[in-house]
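Data file: start_34.cif. Format and content: mmCIF, C-alpha atoms.
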data_my_file
#
loop_
_atom_site.label_atom_id
_atom_site.label_comp_id
_atom_site.auth_asym_id
_atom_site.auth_seq_id
_atom_site.Cartn_x
_atom_site.Cartn_y
_atom_site.Cartn_z
CA MET A 1 -9.25 -13.12 13.00
CA ASP A 2 -7.10 -11.69 15.79
CA GLY A 3 -7.98 -8.18 14.71
CA PHE A 4 -5.00 -5.93 14.01
CA ARG A 5 -3.22 -6.01 17.34
CA GLU A 6 0.56 -5.90 17.35
CA ARG A 7 2.00 -9.39 17.76
CA PRO A 8 5.54 -10.75 18.17
CA GLU A 9 5.60 -12.60 14.88
CA ALA A 10 3.29 -12.81 11.88
CA PRO A 11 1.53 -16.09 10.98
CA ALA A 12 2.98 -18.08 8.09
CA ASP A 13 0.17 -17.01 5.74
CA VAL A 14 0.92 -13.33 6.33
CA LYS A 15 4.62 -13.92 5.69
CA ALA A 16 3.79 -15.81 2.49
CA TYR A 17 1.69 -12.89 1.24
CA TRP A 18 4.46 -10.42 2.00
CA ASP A 19 7.15 -12.56 0.39
CA VAL A 20 5.21 -12.55 -2.88
CA ARG A 21 4.35 -8.88 -2.76
CA SER A 22 7.79 -7.68 -1.71
CA SER A 23 9.57 -9.60 -4.46
CA LYS A 24 8.95 -6.66 -6.77
CA ILE A 25 9.10 -2.88 -6.27
CA VAL A 26 7.15 -0.48 -8.46
CA ALA A 27 7.69 3.28 -8.46
CA SER A 28 4.48 5.31 -8.37
CA PHE A 29 3.87 9.02 -8.24
CA ASP A 30 0.24 8.75 -7.12
CA TRP A 31 -1.47 6.06 -5.02
CA ARG A 32 -3.85 5.46 -7.95
CA ASP A 33 -1.00 4.56 -10.33
CA VAL A 34 -0.84 1.04 -8.85
CA TRP A 35 -4.46 0.02 -8.65
CA ALA A 36 -6.41 -2.44 -6.48
CA GLN A 37 -5.33 -6.04 -7.28
CA GLU A 38 -1.97 -4.78 -8.59
CA HIS A 39 -0.93 -4.07 -5.01
CA VAL A 40 -0.55 -7.78 -4.25
CA GLN A 41 2.00 -8.10 -7.06
CA ALA A 42 4.40 -5.39 -5.98
CA PHE A 43 5.38 -3.04 -3.17
CA THR A 44 4.90 0.66 -3.82
CA VAL A 45 4.74 3.96 -1.95
CA ALA A 46 3.46 7.05 -3.73
CA LYS A 47 6.11 9.71 -4.44
CA ALA A 48 8.93 7.29 -3.53
CA MET A 49 10.54 7.44 -6.95
CA ARG A 50 14.16 6.63 -6.01
CA LEU A 51 15.27 3.03 -5.55
CA ASN A 52 17.16 3.61 -2.29
CA VAL A 53 14.06 5.17 -0.73
CA GLN A 54 11.85 2.34 -1.99
CA VAL A 55 14.22 -0.29 -0.58
CA ALA A 56 14.39 1.44 2.81
CA LEU A 57 10.60 1.65 3.02
CA LYS A 58 10.12 -1.95 1.92
CA LYS A 59 12.65 -3.25 4.44
CA ALA A 60 11.01 -1.33 7.29
CA VAL A 61 7.49 -2.39 6.33
CA GLY A 62 8.58 -6.01 5.90
CA GLY A 63 10.13 -6.03 9.36
CA ALA A 64 6.99 -4.53 10.86
CA ILE A 65 4.74 -7.09 9.14
CA LYS A 66 6.83 -10.15 9.91
CA ASN A 67 8.10 -9.26 13.39
CA GLY A 68 5.19 -7.28 14.80
CA THR A 69 7.30 -4.12 15.14
CA PRO A 70 5.25 -1.43 16.93
CA TYR A 71 4.66 1.82 15.09
CA SER A 72 6.74 3.86 17.54
CA GLN A 73 9.83 1.75 16.81
CA PHE A 74 9.06 1.63 13.08
CA ALA A 75 8.88 5.43 12.85
CA LYS A 76 11.86 6.04 15.16
CA GLU A 77 14.16 3.86 13.06
CA LEU A 78 12.85 4.85 9.63
CA LYS A 79 12.58 8.64 9.99
CA PRO A 80 16.33 9.44 10.20
CA LYS A 81 17.06 7.09 7.27
CA LEU A 82 14.54 8.86 5.06
CA GLN A 83 15.77 12.28 6.19
CA SER A 84 19.35 11.34 5.27
CA MET A 85 18.09 10.37 1.79
CA GLY A 86 16.28 13.69 1.38
CA TRP A 87 12.85 12.01 1.38
CA TRP A 88 11.23 14.09 4.09
CA GLY A 89 8.99 17.13 4.26
CA LYS A 90 7.63 18.87 1.18
CA SER A 91 9.53 19.00 -2.08
CA LEU A 92 9.05 19.93 -5.73
CA VAL A 93 8.67 16.71 -7.73
CA THR A 94 7.77 16.05 -11.35
CA ASP A 95 4.68 14.05 -12.24
CA PRO A 96 5.91 11.51 -14.84
CA ILE A 97 2.47 11.37 -16.49
CA THR A 98 1.79 15.08 -16.89
CA GLY A 99 5.37 16.36 -16.76
CA GLU A 100 4.24 19.06 -14.33
CA GLY A 101 6.13 20.05 -11.19
CA VAL A 102 4.14 19.54 -7.99
CA VAL A 103 4.96 20.49 -4.41
CA ALA A 104 4.31 17.16 -2.72
CA GLN A 105 4.48 15.79 0.79
CA LEU A 106 7.20 13.16 1.05
CA GLY A 107 8.01 11.66 4.42
CA SER A 108 6.16 12.87 7.51
CA PRO A 109 4.88 11.31 10.74
CA ARG A 110 1.39 11.12 9.24
CA ARG A 111 2.61 9.47 6.03
CA LEU A 112 4.66 6.92 7.95
CA LYS A 113 1.61 6.00 9.98
CA VAL A 114 -0.49 5.57 6.83
CA ILE A 115 2.23 3.42 5.21
CA TYR A 116 2.58 1.33 8.36
CA GLN A 117 -1.12 0.77 9.02
CA SER A 118 -2.17 0.24 5.40
CA ASN A 119 0.46 -2.40 4.68
CA ILE A 120 0.07 -4.29 7.95
CA ARG A 121 -3.72 -4.43 7.79
CA SER A 122 -3.75 -5.54 4.16
CA ALA A 123 -1.17 -8.26 4.86
CA ARG A 124 -3.05 -9.59 7.85
CA SER A 125 -6.32 -9.53 5.94
CA ALA A 126 -4.74 -11.52 3.10
CA GLY A 127 -3.24 -14.01 5.57
CA PHE A 128 -6.59 -14.39 7.32
CA TRP A 129 -8.31 -15.14 4.01
CA GLN A 130 -5.86 -17.92 3.24
CA ARG A 131 -6.50 -19.52 6.65
CA ALA A 132 -10.25 -19.14 6.19
CA GLN A 133 -10.07 -21.04 2.91
CA ARG A 134 -8.29 -23.93 4.61
CA THR A 135 -10.61 -24.09 7.63
CA LYS A 136 -14.00 -23.26 6.09
CA ARG A 137 -15.33 -26.81 6.45
CA ALA A 138 -15.13 -26.46 10.24
CA LEU A 139 -15.80 -22.70 10.36
CA PRO A 140 -17.94 -21.97 7.31
CA PHE A 141 -19.01 -18.39 8.11
CA LEU A 142 -17.53 -14.94 8.55
CA ILE A 143 -19.00 -12.09 10.54
CA TYR A 144 -18.22 -8.42 9.86
CA GLN A 145 -16.81 -6.59 12.89
CA LEU A 146 -16.08 -2.94 13.53
CA GLY A 147 -12.54 -2.08 14.51
CA PRO A 148 -11.39 -0.14 17.60
CA SER A 149 -11.70 3.31 16.01
CA GLU A 150 -13.46 5.97 18.06
CA VAL A 151 -15.50 7.12 15.05
CA HIS A 152 -16.82 4.74 12.39
CA ARG A 153 -18.07 5.37 8.88
CA PRO A 154 -21.89 5.05 8.77
CA HIS A 155 -21.74 2.53 5.91
CA HIS A 156 -19.39 0.35 7.94
CA VAL A 157 -21.60 0.54 10.99
CA ALA A 158 -24.45 -0.70 8.79
CA GLN A 159 -22.40 -3.82 7.99
CA GLU A 160 -21.64 -4.72 11.61
CA GLY A 161 -22.78 -8.22 12.51
CA LYS A 162 -23.46 -9.30 8.92
CA VAL A 163 -22.95 -13.07 8.62
CA TYR A 164 -22.26 -14.83 5.31
CA ARG A 165 -20.53 -18.00 4.18
CA VAL A 166 -16.80 -17.70 3.61
CA ASP A 167 -17.19 -17.91 -0.18
CA ASP A 168 -20.12 -15.50 -0.42
CA PRO A 169 -19.44 -12.70 -2.98
CA TYR A 170 -20.02 -10.21 -0.16
CA TRP A 171 -16.46 -10.88 1.06
CA ASN A 172 -15.01 -10.04 -2.35
CA HIS A 173 -15.37 -6.44 -1.17
CA TRP A 174 -16.21 -6.24 2.53
CA LEU A 175 -13.51 -8.38 4.17
CA GLY A 176 -11.81 -5.29 5.57
CA PRO A 177 -10.04 -2.98 5.82
CA ASN A 178 -12.42 -0.98 3.67
CA GLY A 179 -10.75 2.40 3.46
CA TRP A 180 -7.90 4.64 4.55
CA GLY A 181 -7.50 4.23 8.31
CA CYS A 182 -10.28 1.63 8.47
CA LYS A 183 -9.80 -1.02 11.17
CA CYS A 184 -12.86 -3.14 10.35
CA TRP A 185 -12.27 -6.86 10.01
CA ALA A 186 -13.98 -10.23 9.74
CA ARG A 187 -14.10 -13.07 12.25
CA GLN A 188 -14.50 -16.70 11.24
CA ILE A 189 -17.26 -18.56 13.07
CA SER A 190 -18.87 -21.99 13.26
CA GLN A 191 -22.33 -23.09 12.12
CA SER A 192 -23.54 -23.16 15.74
CA GLU A 193 -22.41 -19.60 16.42
CA ALA A 194 -23.95 -18.41 13.17
CA ASP A 195 -27.23 -20.04 14.24
CA ARG A 196 -27.10 -18.35 17.65
CA LEU A 197 -26.61 -15.01 15.89
CA GLY A 198 -29.70 -15.55 13.74
CA GLY A 199 -28.20 -17.37 10.77
CA VAL A 200 -27.12 -15.98 7.45
CA SER A 201 -27.92 -12.30 6.98
CA PRO A 202 -30.31 -11.20 4.24
CA GLU A 203 -28.67 -10.72 0.86
CA THR A 204 -26.95 -7.36 0.70
CA ASP A 205 -27.19 -4.97 -2.22
CA LEU A 206 -23.54 -4.04 -2.75
CA ASP A 207 -24.73 -0.78 -4.34
CA LEU A 208 -21.88 -0.72 -6.84
CA LYS A 209 -20.96 2.66 -8.25
CA ASN A 210 -18.73 3.49 -11.21
CA TYR A 211 -15.43 5.00 -10.15
CA THR A 212 -13.06 6.44 -12.74
CA ASN A 213 -9.38 6.34 -11.86
CA LYS A 214 -8.26 9.72 -13.18
CA ARG A 215 -4.65 8.53 -13.37
CA THR A 216 -5.26 5.45 -15.51
CA GLY A 217 -8.71 6.11 -16.99
CA GLU A 218 -9.87 2.70 -15.73
CA VAL A 219 -13.53 2.49 -14.68
CA THR A 220 -14.14 0.22 -11.68
CA LYS A 221 -17.24 -0.88 -9.81
CA VAL A 222 -16.85 0.13 -6.16
CA PRO A 223 -19.43 -0.54 -3.42
CA ASN A 224 -20.90 2.55 -1.85
CA GLY A 225 -19.18 3.05 1.50
CA ILE A 226 -15.80 1.59 0.53
CA ASP A 227 -12.92 3.89 -0.41
CA PRO A 228 -11.80 3.34 -4.03
CA GLY A 229 -8.63 1.27 -4.03
CA TRP A 230 -9.80 -0.64 -0.94
CA HIS A 231 -12.70 -2.36 -2.69
CA THR A 232 -10.94 -5.67 -3.38
CA ASN A 233 -10.16 -8.63 -1.15
CA PRO A 234 -6.33 -8.79 -0.88
CA GLY A 235 -6.51 -12.49 -0.01
CA ILE A 236 -8.39 -13.38 -3.20
CA SER A 237 -6.08 -11.23 -5.31
CA HIS A 238 -3.04 -12.87 -3.69
CA LEU A 239 -4.28 -16.44 -4.20
CA ASN A 240 -5.27 -15.70 -7.81
CA PHE A 241 -1.82 -14.28 -8.49
CA VAL A 242 -0.04 -17.21 -6.80
CA ASN A 243 -2.22 -19.79 -8.59
CA ALA A 244 -1.63 -18.11 -11.94
CA GLY A 245 2.10 -18.18 -11.30
CA ARG A 246 1.93 -21.82 -10.28
CA LYS A 247 0.03 -22.75 -13.45
CA LEU A 248 2.52 -20.84 -15.57
CA ASN A 249 5.40 -22.61 -13.84
CA GLU A 250 3.76 -26.01 -14.34
CA ALA A 251 3.16 -25.24 -18.02
CA PHE A 252 6.83 -24.23 -18.37
CA LYS A 253 7.96 -27.46 -16.71
CA ARG A 254 5.77 -29.47 -19.09
CA GLN A 255 7.31 -27.68 -22.05
CA VAL A 256 10.82 -28.33 -20.71
CA SER A 257 9.95 -31.99 -20.17
CA LEU A 258 8.57 -32.21 -23.72
CA VAL A 259 11.71 -30.65 -25.18
CA GLN A 260 13.89 -33.05 -23.20
CA SER A 261 11.79 -35.99 -24.41
CA LEU A 262 12.12 -34.83 -28.03
CA LYS A 263 15.89 -34.48 -27.62
CA LYS A 264 16.10 -38.07 -26.35
CA GLN A 265 14.01 -39.28 -29.28
CA LEU A 266 16.23 -37.33 -31.68
CA ARG A 267 19.40 -38.87 -30.20
CA LEU A 268 17.86 -42.33 -30.46
CA ALA A 269 16.92 -41.67 -34.10
CA GLU A 270 20.49 -40.55 -34.82
CA LEU A 271 21.88 -43.75 -33.29
CA LEU A 272 19.50 -45.90 -35.30
CA LEU A 273 20.48 -44.02 -38.45
CA LEU A 274 24.18 -44.63 -37.73
CA VAL A 275 23.52 -48.34 -37.16
CA PHE A 276 21.63 -48.52 -40.43
CA LEU A 277 24.36 -46.70 -42.38
CA ASN A 278 27.05 -48.92 -40.90
CA SER A 279 25.06 -51.99 -41.92
CA LEU A 280 25.27 -50.90 -45.56
CA HIS A 281 29.06 -51.25 -45.63
#
Reformat the file's structure so that it appears as structure tokens.
Amino acid sequence: MDGFRERPEAPADVKAYWDVRSSKIVASFDWRDVWAQEHVQAFTVAKAMRLNVQVALKKAVGGAIKNGTPYSQFAKELKPKLQSMGWWGKSLVTDPITGEGVVAQLGSPRRLKVIYQSNIRSARSAGFWQRAQRTKRALPFLIYQLGPSEVHRPHHVAQEGKVYRVDDPYWNHWLGPNGWGCKCWARQISQSEADRLGGVSPETDLDLKNYTNKRTGEVTKVPNGIDPGWHTNPGISHLNFVNAGRKLNEAFKRQVSLVQSLKKQLRLAELLLLVFLNSLH
């Protein structure tokens, strides 16, 4: 993968991921309200509870993902819009689950950077996974790479250089990014390069731990070293969602076709009945 460098225009697979995800907006008070795989089905930003704010954020993020907009331009254009909407600084907001008032951070330079980086890296990771699925016969392996951060999480450092086949369960979790601010990624490689690097790495114990989402009560298995919420592969979630939608659409078309066929048969039966009745006179 080309890492997470800014680029003039996103690849088609990244655009396809964003088009699916951005087709729906979900309001959330807390980042845990929309959990893991659900993120590929809808766009959301915690504490952005008003539709005009959600639309402004989605439009800015979509432009950044598709056009390679640098963060400086993204923030410069978005900040005054959010300020004019009153979505900036700290404000008293009501938690819809508890009904309690909370002084929460709305827009800020730090929040804009988190929104920008999180969405772009997830989209590029999902797009990369789609390409890897198409090209895995020629490039059957992935290798885990550290990103350009100055300081790395120890668990991520321990994964550096791990080589597994594209469809190995390891990549269900460790494709990257693997946490808030994480820049780790995977690179697709050939059989010959994998051999030069020593072949497939020994099987890794994912060391899954139970994590309880205190907002939803859902208990999830999360590998040790990955931030909860970042423990799924956005590419797999995206393809599963798209395939499920395609199957549902195909089933609907079959039902429509069946209904149309039955209507034709009914009309034919009516004509035959009319012919028969006329023959009696």
Result set, the PyMOL selection byres ((chain A and resi 59-62) around 12) on current file, as a PyMOL selection string: chain A and resi 9-10+14-23+25+43-45+52-58+63-71+73-79+81-82+112-123
Quick check on the file I pasted: which residues fall under the PyMOL selection byres ((chain A and resi 140) around 8)? Write them as a PDB file with C-alpha atoms, in the frame of the given file.
ATOM      1  CA  THR A 135     -10.610 -24.090   7.630  1.00  0.00           C
ATOM      2  CA  LYS A 136     -14.000 -23.260   6.090  1.00  0.00           C
ATOM      3  CA  ARG A 137     -15.330 -26.810   6.450  1.00  0.00           C
ATOM      4  CA  ALA A 138     -15.130 -26.460  10.240  1.00  0.00           C
ATOM      5  CA  LEU A 139     -15.800 -22.700  10.360  1.00  0.00           C
ATOM      6  CA  PHE A 141     -19.010 -18.390   8.110  1.00  0.00           C
ATOM      7  CA  LEU A 142     -17.530 -14.940   8.550  1.00  0.00           C
ATOM      8  CA  ARG A 165     -20.530 -18.000   4.180  1.00  0.00           C
ATOM      9  CA  VAL A 166     -16.800 -17.700   3.610  1.00  0.00           C
ATOM     10  CA  GLN A 188     -14.500 -16.700  11.240  1.00  0.00           C
ATOM     11  CA  ILE A 189     -17.260 -18.560  13.070  1.00  0.00           C
ATOM     12  CA  SER A 190     -18.870 -21.990  13.260  1.00  0.00           C
ATOM     13  CA  GLN A 191     -22.330 -23.090  12.120  1.00  0.00           C
TER      14      GLN A 191
END
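Each of A:Ile97, A:Leu258, A:Cys182, A:Val26 was checked against Ala48 of chain A using all atoms listed in the file; the smallest atom-to-atom distance is that of A:Val26.
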Could you write out as a PyMOL selection string the residues that the PyMOL selection byres ((chain A and resi 108) around 9) matches in the shown file? chain A and resi 79+88-90+105-107+109-113
At a cut-off of 10 Å from (-5.3, 11.3, -12.8) in the coordinates of the file, what residues are picked up using all atoms listed in the file, written as a PyMOL selection string? chain A and resi 30+32-33+97-98+212-217
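Using only C-alpha atoms, the nearest neighbour of Thr204 of chain A within the list A:Glu270, A:Asp168, A:Glu218, A:Asp227 is A:Asp168.
Remark: for Leu175 of chain A, the closest of the candidate residues A:Thr220, A:Ser149, A:Ser125, A:Ser237 is A:Ser125 (distances computed over all atoms listed in the file).
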Taking all atoms of segment 72-75 of chain A that the file lists and extending 5 Å past them on each side, where is the centre of the axis-aligned box and how long are its edges? Answer in Å to one decimal, as JSON.
{"center_x": 8.3, "center_y": 3.5, "center_z": 15.2, "size_x": 13.1, "size_y": 13.8, "size_z": 14.7}
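Straight-line separation from atom CA of Ala104 of chain A to atom CA of Gly229 of chain A: 20.5 Å.
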